[in-house]
Amino acid sequence: MKIYFLLPDLSAGGAERVSITIARLLCKEGYNVEFVNFGFRVGEMLDWIESEFKMTCLECGRVLNAIPKLIAFMKAHPDSIYFSSREHVSIVGMFAAKMTKRPIVVRIPNMPKNKLSKGIAGLKMIVIKFINQWLLKSAKIIVAQNVEMRNQLLEYYRLPDDKVVAINNPVDVDYVRASAEGSKNPFRSGEVNFLNVCNIAYSKGIDVLESAWPKVKAAIPNAHMNIVGRNTSDYAQELIAKAQNLSEFTFWGFQSNPYSFLKHCDVFVLPSRMEGFPNVILEAQCFNRPVASTTCVAVIKDIIQQGSNGYYCNIEDPDALADCMIKAAELKNIENKYSMFDKELLLNCFK
């Protein structure tokens, strides 16, 4: 039986990187995995996927337009399971799976009751909730990224208890380390380099980080803040313009290999307002980097041991975030042992 991973396009984001990690894990366990891309054969992930997996491109400009082609694809591939990790893709995937009676595993990317959802127009939010309540019950299994998210899903969508399983995201430690092996240090020597990796959006809290930076710079004169990730949106450009008034605050843009940055940074910073599961922290910890983070999701308090491998503070608190960054820069001989990923629980989703 084949497993088909559904993607909206080949743009690289956190959910897509987790999908590739899960696909690699399944392949190592003997599963036959391929990708179905709703968009065109162009994007940052093209080489990542085609170097390891077969991929079908439906060549649709919008995710909703992929419904007829996806239904046809599912009908043509009866002995298969589907997997999706993005909400709009999951809605289309679940609808097509329902029409064709195919099993689909859905990974939820964000907390359904997070307060940032209030920024969505009220009518749109109601429609999305109604659609998900209808479709999620038909999924083979729903994967929440942590127990907190699982509890919210059960309540918010009124789902049966056995329909939702909590599985922390996997990290392919060997792949992460191999990707940075022999890499050149991208940072200037003689500086304390702080790093954040994200596709810039309001939820990522880069504006909070900008507000925290003057205090960090005053305490550590040779500090340098580095932001790696897609920054082409209007919102991101506003933040870049604002940062021109900040000393040693650099936006690197999208990097095909962020792991060289993670390997060589001095402190990783996560200023987010919300996260589903902070995979990038675990990737930074592959290189034993100290972390300064907000408690954007409850599991942060399990991953970070205050004063041992990092520090955490409440969201929306630039002063406290600055204190965490300053203290994290003083930590030495970091050793990270956090691991709550349950491989067997994940494999059971596809049996």
# chains A, B, ... in the order shown; residues from 1 in each chain; ligands from 1
>>> residues_around(residues="segment 342-351 of chain A", least_positions_apart="2", cutoff="9 Å", atoms="only C-alpha atoms", output="list in words")
Ile3, Ile22, Leu25, Leu26, Glu29, Ile81, Ile104, Val105, Lys140, Ile141, Ile142, Val143, Val165, Ala166, Ile167, Asn168, Asn169, Pro170, Ser339 and Met340 of chain A
>>> write_last_selection(atoms="C-alpha atoms", output="mmCIF file, in the first residue's frame")
data_model
loop_
_atom_site.group_PDB
_atom_site.id
_atom_site.type_symbol
_atom_site.label_atom_id
_atom_site.label_comp_id
_atom_site.auth_asym_id
_atom_site.auth_seq_id
_atom_site.Cartn_x
_atom_site.Cartn_y
_atom_site.Cartn_z
ATOM 1 C CA ILE A 3 1.119 6.560 1.207
ATOM 2 C CA ILE A 22 7.734 11.912 8.550
ATOM 3 C CA LEU A 25 10.838 7.947 8.700
ATOM 4 C CA LEU A 26 8.106 5.921 7.000
ATOM 5 C CA GLU A 29 10.294 1.493 8.068
ATOM 6 C CA ILE A 81 -3.530 6.157 2.272
ATOM 7 C CA ILE A 104 -6.639 10.004 5.055
ATOM 8 C CA VAL A 105 -4.461 10.873 8.048
ATOM 9 C CA LYS A 140 -8.819 7.809 9.464
ATOM 10 C CA ILE A 141 -6.970 9.464 12.323
ATOM 11 C CA ILE A 142 -6.186 13.028 13.386
ATOM 12 C CA VAL A 143 -2.681 13.768 14.639
ATOM 13 C CA VAL A 165 -3.892 10.969 18.863
ATOM 14 C CA ALA A 166 -1.158 13.221 20.299
ATOM 15 C CA ILE A 167 2.241 12.656 18.658
ATOM 16 C CA ASN A 168 5.093 15.097 19.091
ATOM 17 C CA ASN A 169 6.843 15.963 15.844
ATOM 18 C CA PRO A 170 9.821 13.806 14.907
ATOM 19 C CA SER A 339 12.571 13.251 23.258
ATOM 20 C CA MET A 340 8.847 12.531 23.426
#
>>> select_by_dssp(residues="segment 1-52 of chain A", states="alpha helix (DSSP H)", output="PyMOL selection string")
chain A and resi 14-28+46-50
>>> residues_around(residues="segment 4-20 of chain A", least_positions_apart="6", cutoff="9 Å", atoms="only C-alpha atoms", output="VMD selection string")
chain A and resid 32 to 46 48 to 49 57 62 to 63 80 to 86 88 to 90 93 109 169 to 171 198 to 199 229 to 230 254 256 279 to 280
>>> write_last_selection(atoms="N, CA and C atoms", output="short mmCIF file (atom, residue, chain, number, x, y, z; two decimals), in the first residue's frame")
data_model
loop_
_atom_site.label_atom_id
_atom_site.label_comp_id
_atom_site.auth_asym_id
_atom_site.auth_seq_id
_atom_site.Cartn_x
_atom_site.Cartn_y
_atom_site.Cartn_z
N ASN A 32 6.03 2.64 1.28
CA ASN A 32 6.20 3.23 -0.05
C ASN A 32 5.52 4.61 -0.06
N VAL A 33 6.32 5.66 -0.05
CA VAL A 33 5.81 7.02 0.09
C VAL A 33 6.05 7.82 -1.18
N GLU A 34 5.02 8.53 -1.63
CA GLU A 34 5.14 9.48 -2.74
C GLU A 34 4.44 10.78 -2.34
N PHE A 35 4.68 11.83 -3.13
CA PHE A 35 4.08 13.14 -2.86
C PHE A 35 3.12 13.53 -3.98
N VAL A 36 2.05 14.20 -3.60
CA VAL A 36 1.13 14.80 -4.57
C VAL A 36 1.12 16.30 -4.30
N ASN A 37 1.61 17.06 -5.26
CA ASN A 37 1.70 18.51 -5.15
C ASN A 37 0.56 19.13 -5.93
N PHE A 38 -0.30 19.91 -5.26
CA PHE A 38 -1.44 20.54 -5.93
C PHE A 38 -0.99 21.57 -6.96
N GLY A 39 0.20 22.13 -6.75
CA GLY A 39 0.67 23.21 -7.61
C GLY A 39 1.57 22.73 -8.74
N PHE A 40 2.54 23.57 -9.09
CA PHE A 40 3.41 23.32 -10.24
C PHE A 40 4.78 22.82 -9.78
N ARG A 41 5.56 22.33 -10.71
CA ARG A 41 6.88 21.79 -10.40
C ARG A 41 7.91 22.92 -10.28
N VAL A 42 7.70 23.77 -9.31
CA VAL A 42 8.61 24.89 -9.05
C VAL A 42 8.49 25.28 -7.58
N GLY A 43 9.61 25.60 -6.94
CA GLY A 43 9.58 26.00 -5.54
C GLY A 43 10.80 25.52 -4.79
N GLU A 44 10.95 26.01 -3.57
CA GLU A 44 12.15 25.72 -2.79
C GLU A 44 12.31 24.24 -2.47
N MET A 45 11.21 23.50 -2.39
CA MET A 45 11.29 22.10 -1.98
C MET A 45 11.45 21.13 -3.15
N LEU A 46 11.53 21.63 -4.37
CA LEU A 46 11.59 20.74 -5.54
C LEU A 46 12.75 19.76 -5.43
N TRP A 48 14.54 19.04 -2.75
CA TRP A 48 14.46 18.23 -1.53
C TRP A 48 13.62 16.98 -1.77
N ILE A 49 12.48 17.14 -2.44
CA ILE A 49 11.55 16.03 -2.62
C ILE A 49 11.99 15.10 -3.75
N CYS A 57 2.51 16.25 -9.81
CA CYS A 57 2.07 17.64 -9.72
C CYS A 57 0.73 17.79 -10.44
N ARG A 62 -4.74 27.21 -7.55
CA ARG A 62 -5.31 27.35 -6.21
C ARG A 62 -5.63 25.98 -5.64
N VAL A 63 -5.56 25.87 -4.30
CA VAL A 63 -5.80 24.58 -3.65
C VAL A 63 -7.20 24.07 -3.95
N SER A 80 -4.38 2.87 -1.25
CA SER A 80 -3.48 3.93 -0.81
C SER A 80 -4.06 4.66 0.41
N ILE A 81 -3.17 5.30 1.15
CA ILE A 81 -3.53 6.16 2.27
C ILE A 81 -2.97 7.54 1.99
N TYR A 82 -3.67 8.57 2.42
CA TYR A 82 -3.25 9.95 2.15
C TYR A 82 -2.91 10.65 3.48
N PHE A 83 -2.03 11.62 3.38
CA PHE A 83 -1.58 12.36 4.56
C PHE A 83 -1.50 13.84 4.23
N SER A 84 -2.01 14.67 5.14
CA SER A 84 -1.95 16.11 4.94
C SER A 84 -1.59 16.80 6.25
N SER A 85 -0.87 17.94 6.12
CA SER A 85 -0.40 18.65 7.30
C SER A 85 -0.69 20.15 7.25
N ARG A 86 -1.47 20.60 6.27
CA ARG A 86 -1.86 22.00 6.18
C ARG A 86 -3.37 22.08 6.14
N HIS A 88 -5.83 24.04 4.83
CA HIS A 88 -6.60 24.16 3.59
C HIS A 88 -6.41 22.95 2.70
N VAL A 89 -5.21 22.35 2.74
CA VAL A 89 -4.98 21.12 1.99
C VAL A 89 -5.76 19.96 2.60
N SER A 90 -5.80 19.93 3.92
CA SER A 90 -6.54 18.86 4.61
C SER A 90 -8.02 18.91 4.29
N GLY A 93 -8.29 17.58 0.87
CA GLY A 93 -7.96 16.16 0.91
C GLY A 93 -9.05 15.32 1.57
N PRO A 109 -1.90 21.61 12.18
CA PRO A 109 -0.71 22.47 12.32
C PRO A 109 -0.75 23.46 13.48
N ASN A 169 6.18 16.02 17.14
CA ASN A 169 6.84 15.96 15.84
C ASN A 169 8.19 15.25 15.93
N PRO A 170 8.51 14.45 14.93
CA PRO A 170 9.82 13.81 14.91
C PRO A 170 10.89 14.76 14.39
N VAL A 171 12.10 14.55 14.80
CA VAL A 171 13.26 15.26 14.26
C VAL A 171 14.26 14.23 13.78
N CYS A 198 12.28 31.36 10.63
CA CYS A 198 10.82 31.31 10.46
C CYS A 198 10.45 31.97 9.14
N ASN A 199 9.26 31.64 8.64
CA ASN A 199 8.64 32.42 7.58
C ASN A 199 7.87 33.53 8.28
N GLY A 229 14.70 33.10 6.89
CA GLY A 229 13.37 32.64 6.48
C GLY A 229 12.73 33.59 5.48
N ARG A 230 11.67 33.13 4.86
CA ARG A 230 11.00 33.91 3.83
C ARG A 230 10.50 35.23 4.41
N PHE A 254 15.18 33.62 2.74
CA PHE A 254 15.09 32.17 2.66
C PHE A 254 16.46 31.56 2.38
N SER A 256 18.19 27.71 1.63
CA SER A 256 17.86 26.31 1.34
C SER A 256 18.39 25.36 2.40
N ASN A 279 9.30 22.68 16.33
CA ASN A 279 10.30 21.78 15.79
C ASN A 279 11.67 22.42 15.66
N VAL A 280 11.68 23.70 15.30
CA VAL A 280 12.96 24.36 15.05
C VAL A 280 13.79 24.42 16.33
#
>>> residues_around(residues="Lys184 of chain A", least_positions_apart="3", cutoff="12 Å", atoms="only C-alpha atoms", output="PyMOL selection string")
chain A and resi 179-181+187-189+257-265
>>> select_by_dssp(residues="segment 135-181 of chain A", states="strand (DSSP E or B)", output="list in words")
Ile141, Ile142, Val143, Ala144, Val164, Val165 and Ala166 of chain A
>>> write_last_selection(atoms="N, CA and C atoms", output="PDB file, in the first residue's frame")
ATOM      1  N   ILE A 141      -7.477   9.047  11.025  1.00  0.00           N
ATOM      2  CA  ILE A 141      -6.970   9.464  12.323  1.00  0.00           C
ATOM      3  C   ILE A 141      -6.526  10.918  12.220  1.00  0.00           C
ATOM      4  N   ILE A 142      -6.608  11.635  13.327  1.00  0.00           N
ATOM      5  CA  ILE A 142      -6.186  13.028  13.386  1.00  0.00           C
ATOM      6  C   ILE A 142      -4.993  13.106  14.330  1.00  0.00           C
ATOM      7  N   VAL A 143      -3.911  13.679  13.851  1.00  0.00           N
ATOM      8  CA  VAL A 143      -2.681  13.768  14.639  1.00  0.00           C
ATOM      9  C   VAL A 143      -2.548  15.170  15.222  1.00  0.00           C
ATOM     10  N   ALA A 144      -2.598  15.263  16.548  1.00  0.00           N
ATOM     11  CA  ALA A 144      -2.308  16.511  17.241  1.00  0.00           C
ATOM     12  C   ALA A 144      -0.831  16.512  17.625  1.00  0.00           C
ATOM     13  N   VAL A 164      -8.511  11.141  17.770  1.00  0.00           N
ATOM     14  CA  VAL A 164      -7.378  12.063  17.833  1.00  0.00           C
ATOM     15  C   VAL A 164      -6.259  11.474  18.685  1.00  0.00           C
ATOM     16  N   VAL A 165      -5.057  11.468  18.149  1.00  0.00           N
ATOM     17  CA  VAL A 165      -3.892  10.969  18.863  1.00  0.00           C
ATOM     18  C   VAL A 165      -2.854  12.079  18.958  1.00  0.00           C
ATOM     19  N   ALA A 166      -2.195  12.204  20.097  1.00  0.00           N
ATOM     20  CA  ALA A 166      -1.158  13.221  20.299  1.00  0.00           C
ATOM     21  C   ALA A 166       0.206  12.601  20.027  1.00  0.00           C
TER      22      ALA A 166
END
>>> closest_residue(among="A:Ala219, A:Ile304, A:Met1, A:Val127", to="Tyr31 of chain A", atoms="only C-alpha atoms")
A:Met1
>>> closest_residue(among="A:Met55, A:Ala292, A:Ile281, A:Leu135", to="Pro318 of chain A", atoms="only C-alpha atoms")
A:Ala292
>>> residues_around(residues="Pro214 of chain A", least_positions_apart="2", cutoff="10 Å", atoms="only C-alpha atoms", output="list in words")
Leu209, Glu210, Ser211, Ala212, Val216, Lys217, Ala218, Ala219, Ile220, Pro221, Leu246, Ser247, Pro318, Asp319 and Ala322 of chain A
>>> atom_distance(atom1="atom CA of Pro112 of chain A", atom2="atom CA of Gln237 of chain A")
27.9 Å
>>> residues_around(residues="Phe268 of chain A", least_positions_apart="6", cutoff="12 Å", atoms="only C-alpha atoms", output="PyMOL selection string")
chain A and resi 192-198+224-228+259+261-262+278+280-294+304+309-312+324-326+328-329
>>> decode(residues="segment 298-312 of chain A", atoms="all heavy atoms", output="PDB file, in the first residue's frame")
ATOM      1  N   ALA A 298       2.505  25.045  25.417  1.00  0.00           N
ATOM      2  CA  ALA A 298       2.827  24.530  26.747  1.00  0.00           C
ATOM      3  C   ALA A 298       4.055  23.631  26.767  1.00  0.00           C
ATOM      4  O   ALA A 298       4.804  23.600  27.750  1.00  0.00           O
ATOM      5  CB  ALA A 298       1.618  23.782  27.318  1.00  0.00           C
ATOM      6  N   VAL A 299       4.315  22.907  25.673  1.00  0.00           N
ATOM      7  CA  VAL A 299       5.414  21.938  25.648  1.00  0.00           C
ATOM      8  C   VAL A 299       6.783  22.606  25.768  1.00  0.00           C
ATOM      9  O   VAL A 299       7.772  21.941  26.080  1.00  0.00           O
ATOM     10  CB  VAL A 299       5.324  21.082  24.360  1.00  0.00           C
ATOM     11  CG1 VAL A 299       5.779  21.876  23.140  1.00  0.00           C
ATOM     12  CG2 VAL A 299       6.134  19.797  24.499  1.00  0.00           C
ATOM     13  N   ILE A 300       6.841  23.916  25.559  1.00  0.00           N
ATOM     14  CA  ILE A 300       8.100  24.647  25.738  1.00  0.00           C
ATOM     15  C   ILE A 300       8.678  24.374  27.126  1.00  0.00           C
ATOM     16  O   ILE A 300       9.898  24.214  27.301  1.00  0.00           O
ATOM     17  CB  ILE A 300       7.894  26.169  25.548  1.00  0.00           C
ATOM     18  CG1 ILE A 300       7.602  26.497  24.076  1.00  0.00           C
ATOM     19  CG2 ILE A 300       9.110  26.957  26.041  1.00  0.00           C
ATOM     20  CD1 ILE A 300       8.758  26.304  23.141  1.00  0.00           C
ATOM     21  N   LYS A 301       7.815  24.315  28.127  1.00  0.00           N
ATOM     22  CA  LYS A 301       8.272  24.123  29.500  1.00  0.00           C
ATOM     23  C   LYS A 301       8.814  22.714  29.733  1.00  0.00           C
ATOM     24  O   LYS A 301       9.494  22.465  30.738  1.00  0.00           O
ATOM     25  CB  LYS A 301       7.141  24.428  30.482  1.00  0.00           C
ATOM     26  CG  LYS A 301       6.723  25.902  30.467  1.00  0.00           C
ATOM     27  CD  LYS A 301       5.625  26.183  31.474  1.00  0.00           C
ATOM     28  CE  LYS A 301       5.215  27.652  31.466  1.00  0.00           C
ATOM     29  NZ  LYS A 301       4.140  27.951  32.449  1.00  0.00           N
ATOM     30  N   ASP A 302       8.499  21.781  28.833  1.00  0.00           N
ATOM     31  CA  ASP A 302       9.083  20.439  28.903  1.00  0.00           C
ATOM     32  C   ASP A 302      10.422  20.393  28.174  1.00  0.00           C
ATOM     33  O   ASP A 302      11.343  19.693  28.597  1.00  0.00           O
ATOM     34  CB  ASP A 302       8.136  19.406  28.283  1.00  0.00           C
ATOM     35  CG  ASP A 302       6.827  19.276  29.043  1.00  0.00           C
ATOM     36  OD1 ASP A 302       6.874  19.337  30.290  1.00  0.00           O
ATOM     37  OD2 ASP A 302       5.778  19.133  28.400  1.00  0.00           O
ATOM     38  N   ILE A 303      10.513  21.132  27.079  1.00  0.00           N
ATOM     39  CA  ILE A 303      11.727  21.093  26.263  1.00  0.00           C
ATOM     40  C   ILE A 303      12.863  21.872  26.910  1.00  0.00           C
ATOM     41  O   ILE A 303      14.023  21.435  26.900  1.00  0.00           O
ATOM     42  CB  ILE A 303      11.436  21.671  24.857  1.00  0.00           C
ATOM     43  CG1 ILE A 303      10.376  20.824  24.136  1.00  0.00           C
ATOM     44  CG2 ILE A 303      12.707  21.750  24.022  1.00  0.00           C
ATOM     45  CD1 ILE A 303       9.915  21.415  22.813  1.00  0.00           C
ATOM     46  N   ILE A 304      12.532  23.032  27.475  1.00  0.00           N
ATOM     47  CA  ILE A 304      13.549  23.909  28.053  1.00  0.00           C
ATOM     48  C   ILE A 304      13.577  23.748  29.575  1.00  0.00           C
ATOM     49  O   ILE A 304      12.559  23.920  30.243  1.00  0.00           O
ATOM     50  CB  ILE A 304      13.281  25.381  27.684  1.00  0.00           C
ATOM     51  CG1 ILE A 304      13.339  25.570  26.166  1.00  0.00           C
ATOM     52  CG2 ILE A 304      14.297  26.297  28.372  1.00  0.00           C
ATOM     53  CD1 ILE A 304      12.982  26.971  25.706  1.00  0.00           C
ATOM     54  N   GLN A 305      14.746  23.413  30.100  1.00  0.00           N
ATOM     55  CA  GLN A 305      14.959  23.392  31.542  1.00  0.00           C
ATOM     56  C   GLN A 305      15.664  24.699  31.910  1.00  0.00           C
ATOM     57  O   GLN A 305      16.820  24.915  31.533  1.00  0.00           O
ATOM     58  CB  GLN A 305      15.811  22.190  31.960  1.00  0.00           C
ATOM     59  CG  GLN A 305      15.098  20.842  31.828  1.00  0.00           C
ATOM     60  CD  GLN A 305      15.086  20.312  30.403  1.00  0.00           C
ATOM     61  OE1 GLN A 305      16.137  20.225  29.768  1.00  0.00           O
ATOM     62  NE2 GLN A 305      13.910  19.951  29.899  1.00  0.00           N
ATOM     63  N   GLN A 306      14.951  25.551  32.622  1.00  0.00           N
ATOM     64  CA  GLN A 306      15.457  26.887  32.943  1.00  0.00           C
ATOM     65  C   GLN A 306      16.857  26.813  33.564  1.00  0.00           C
ATOM     66  O   GLN A 306      17.087  26.103  34.540  1.00  0.00           O
ATOM     67  CB  GLN A 306      14.517  27.588  33.920  1.00  0.00           C
ATOM     68  CG  GLN A 306      13.113  27.843  33.380  1.00  0.00           C
ATOM     69  CD  GLN A 306      12.973  29.234  32.781  1.00  0.00           C
ATOM     70  OE1 GLN A 306      13.810  29.687  32.026  1.00  0.00           O
ATOM     71  NE2 GLN A 306      11.897  29.908  33.139  1.00  0.00           N
ATOM     72  N   GLY A 307      17.796  27.558  32.959  1.00  0.00           N
ATOM     73  CA  GLY A 307      19.147  27.625  33.488  1.00  0.00           C
ATOM     74  C   GLY A 307      20.029  26.463  33.094  1.00  0.00           C
ATOM     75  O   GLY A 307      21.222  26.466  33.379  1.00  0.00           O
ATOM     76  N   SER A 308      19.455  25.451  32.415  1.00  0.00           N
ATOM     77  CA  SER A 308      20.235  24.294  31.986  1.00  0.00           C
ATOM     78  C   SER A 308      20.500  24.332  30.482  1.00  0.00           C
ATOM     79  O   SER A 308      21.650  24.310  30.042  1.00  0.00           O
ATOM     80  CB  SER A 308      19.511  22.999  32.359  1.00  0.00           C
ATOM     81  OG  SER A 308      20.213  21.871  31.886  1.00  0.00           O
ATOM     82  N   ASN A 309      19.417  24.396  29.705  1.00  0.00           N
ATOM     83  CA  ASN A 309      19.588  24.467  28.249  1.00  0.00           C
ATOM     84  C   ASN A 309      18.889  25.686  27.645  1.00  0.00           C
ATOM     85  O   ASN A 309      18.758  25.798  26.430  1.00  0.00           O
ATOM     86  CB  ASN A 309      19.077  23.190  27.575  1.00  0.00           C
ATOM     87  CG  ASN A 309      17.595  22.953  27.810  1.00  0.00           C
ATOM     88  OD1 ASN A 309      16.956  23.665  28.575  1.00  0.00           O
ATOM     89  ND2 ASN A 309      17.044  21.949  27.132  1.00  0.00           N
ATOM     90  N   GLY A 310      18.443  26.589  28.497  1.00  0.00           N
ATOM     91  CA  GLY A 310      17.814  27.801  27.992  1.00  0.00           C
ATOM     92  C   GLY A 310      16.929  28.459  29.027  1.00  0.00           C
ATOM     93  O   GLY A 310      16.941  28.096  30.218  1.00  0.00           O
ATOM     94  N   TYR A 311      16.147  29.432  28.555  1.00  0.00           N
ATOM     95  CA  TYR A 311      15.211  30.160  29.409  1.00  0.00           C
ATOM     96  C   TYR A 311      13.931  30.449  28.616  1.00  0.00           C
ATOM     97  O   TYR A 311      13.975  30.564  27.380  1.00  0.00           O
ATOM     98  CB  TYR A 311      15.809  31.481  29.888  1.00  0.00           C
ATOM     99  CG  TYR A 311      16.980  31.309  30.829  1.00  0.00           C
ATOM    100  CD1 TYR A 311      18.281  31.224  30.334  1.00  0.00           C
ATOM    101  CD2 TYR A 311      16.787  31.226  32.207  1.00  0.00           C
ATOM    102  CE1 TYR A 311      19.365  31.058  31.188  1.00  0.00           C
ATOM    103  CE2 TYR A 311      17.858  31.066  33.077  1.00  0.00           C
ATOM    104  CZ  TYR A 311      19.144  30.979  32.559  1.00  0.00           C
ATOM    105  OH  TYR A 311      20.209  30.810  33.411  1.00  0.00           O
ATOM    106  N   TYR A 312      12.801  30.574  29.322  1.00  0.00           N
ATOM    107  CA  TYR A 312      11.550  30.927  28.659  1.00  0.00           C
ATOM    108  C   TYR A 312      10.822  32.006  29.444  1.00  0.00           C
ATOM    109  O   TYR A 312      11.074  32.231  30.634  1.00  0.00           O
ATOM    110  CB  TYR A 312      10.651  29.710  28.440  1.00  0.00           C
ATOM    111  CG  TYR A 312      10.333  28.902  29.677  1.00  0.00           C
ATOM    112  CD1 TYR A 312       9.407  29.351  30.626  1.00  0.00           C
ATOM    113  CD2 TYR A 312      10.937  27.663  29.883  1.00  0.00           C
ATOM    114  CE1 TYR A 312       9.102  28.605  31.741  1.00  0.00           C
ATOM    115  CE2 TYR A 312      10.645  26.906  31.015  1.00  0.00           C
ATOM    116  CZ  TYR A 312       9.730  27.375  31.935  1.00  0.00           C
ATOM    117  OH  TYR A 312       9.434  26.626  33.050  1.00  0.00           O
TER     118      TYR A 312
END
